[in-house]
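Quick notes on the structure that follows.
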Amino acid sequence: MLRELVAQSWANLRRNPTRSVLTMLGIVWGIVAVAVLMAYGTGFRVVMMRGFDAFGKSAVVAWPGQTSEQAGGERAGRVVRIEKEDRDNVRLEATLVKS
């Protein structure tokens, strides 16, 4: 049975060479595309992690804007404003803050 299956497959490959080549090319192209995208994603992750590490492992950045998620009982999309009192409170309570 296995011999018949191989013989029939070989006959079909020889009968339609263009279709066979295009099918194999499509399979190879798909495998290469997935491998390249995985490598690109891994490389991008490594570069981002190196950039974050160069910036500092204990750094926190805060800027005014709008919340994207609901947090602390507040609604999502709430406007956040950093005022002078906030800056003064951070300087008083967080002694390790540089700037």
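Note on naming: chains are A, B, ... as they come in the structure tokens, residues start from 1 per chain, ligands start from 1 in the order shown.
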Problem - Members of chain A assigned strand (DSSP E) by DSSP, as a ChimeraX atom specification - result: /A:65-66,79-80
Keeping N, CA and C atoms for every residue in the selection just given, could you write it to a file as a JSON list (two decimals), in the first residue's frame?
```json
[["chain", "number", "residue", "atom", "x", "y", "z"],
["A", 65, "GLY", "N", -1.55, 63.85, 30.58],
["A", 65, "GLY", "CA", -2.24, 63.31, 29.41],
["A", 65, "GLY", "C", -3.61, 62.80, 29.79],
["A", 66, "GLN", "N", -3.96, 61.63, 29.28],
["A", 66, "GLN", "CA", -5.28, 61.07, 29.49],
["A", 66, "GLN", "C", -5.11, 59.60, 29.82],
["A", 79, "VAL", "N", -8.69, 63.07, 32.34],
["A", 79, "VAL", "CA", -7.56, 63.94, 32.07],
["A", 79, "VAL", "C", -6.66, 64.00, 33.31],
["A", 80, "VAL", "N", -5.36, 63.84, 33.10],
["A", 80, "VAL", "CA", -4.38, 63.88, 34.19],
["A", 80, "VAL", "C", -3.54, 65.14, 34.02]]
```
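Counting only C-alpha atoms and comparing A:Leu5, A:Val60, A:Ala76, A:Leu37, the residue that lies closest to Val97 in chain A is A:Val60.
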Practice task
Tell me which protein, DNA and RNA residues are within 12 Å of Ala59 in chain A, counting only C-alpha atoms, leaving out same-chain ones fewer than 4 positions away, and put them as a ChimeraX atom specification.
Solution key: /A:52-55,96-99
Restricting the output to N, CA and C atoms, write the selected residues as a CSV table (one decimal), in the first residue's frame.
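Now in selection14.csv:
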```
chain,number,residue,atom,x,y,z
A,52,PHE,N,15.8,50.1,27.2
A,52,PHE,CA,15.3,50.4,28.6
A,52,PHE,C,16.3,50.2,29.6
A,53,ASP,N,17.2,49.2,29.5
A,53,ASP,CA,18.3,49.0,30.5
A,53,ASP,C,19.3,50.2,30.4
A,54,ALA,N,19.5,50.8,29.3
A,54,ALA,CA,20.4,51.9,29.2
A,54,ALA,C,19.8,53.1,29.8
A,55,PHE,N,18.5,53.3,29.8
A,55,PHE,CA,17.8,54.4,30.4
A,55,PHE,C,17.9,54.3,31.9
A,96,LEU,N,14.9,60.0,47.0
A,96,LEU,CA,15.8,59.5,46.0
A,96,LEU,C,15.6,60.0,44.6
A,97,VAL,N,14.5,60.8,44.4
A,97,VAL,CA,14.2,61.4,43.1
A,97,VAL,C,15.2,62.4,42.7
A,98,LYS,N,15.8,62.3,41.5
A,98,LYS,CA,16.9,63.2,41.1
A,98,LYS,C,16.2,64.5,40.5
A,99,SER,N,15.3,64.2,39.5
A,99,SER,CA,14.7,65.4,38.9
A,99,SER,C,13.3,65.0,38.4
```
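CA of Thr67 in chain A is found 24.8 Å from CA of Gly51 in chain A.
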Practice task
Just list the residues in range 9-67 of chain A DSSP gives helix (DSSP H, G or I) on the backbone, as number ranges by chain.
Solution key: A: 9-15, 17-55
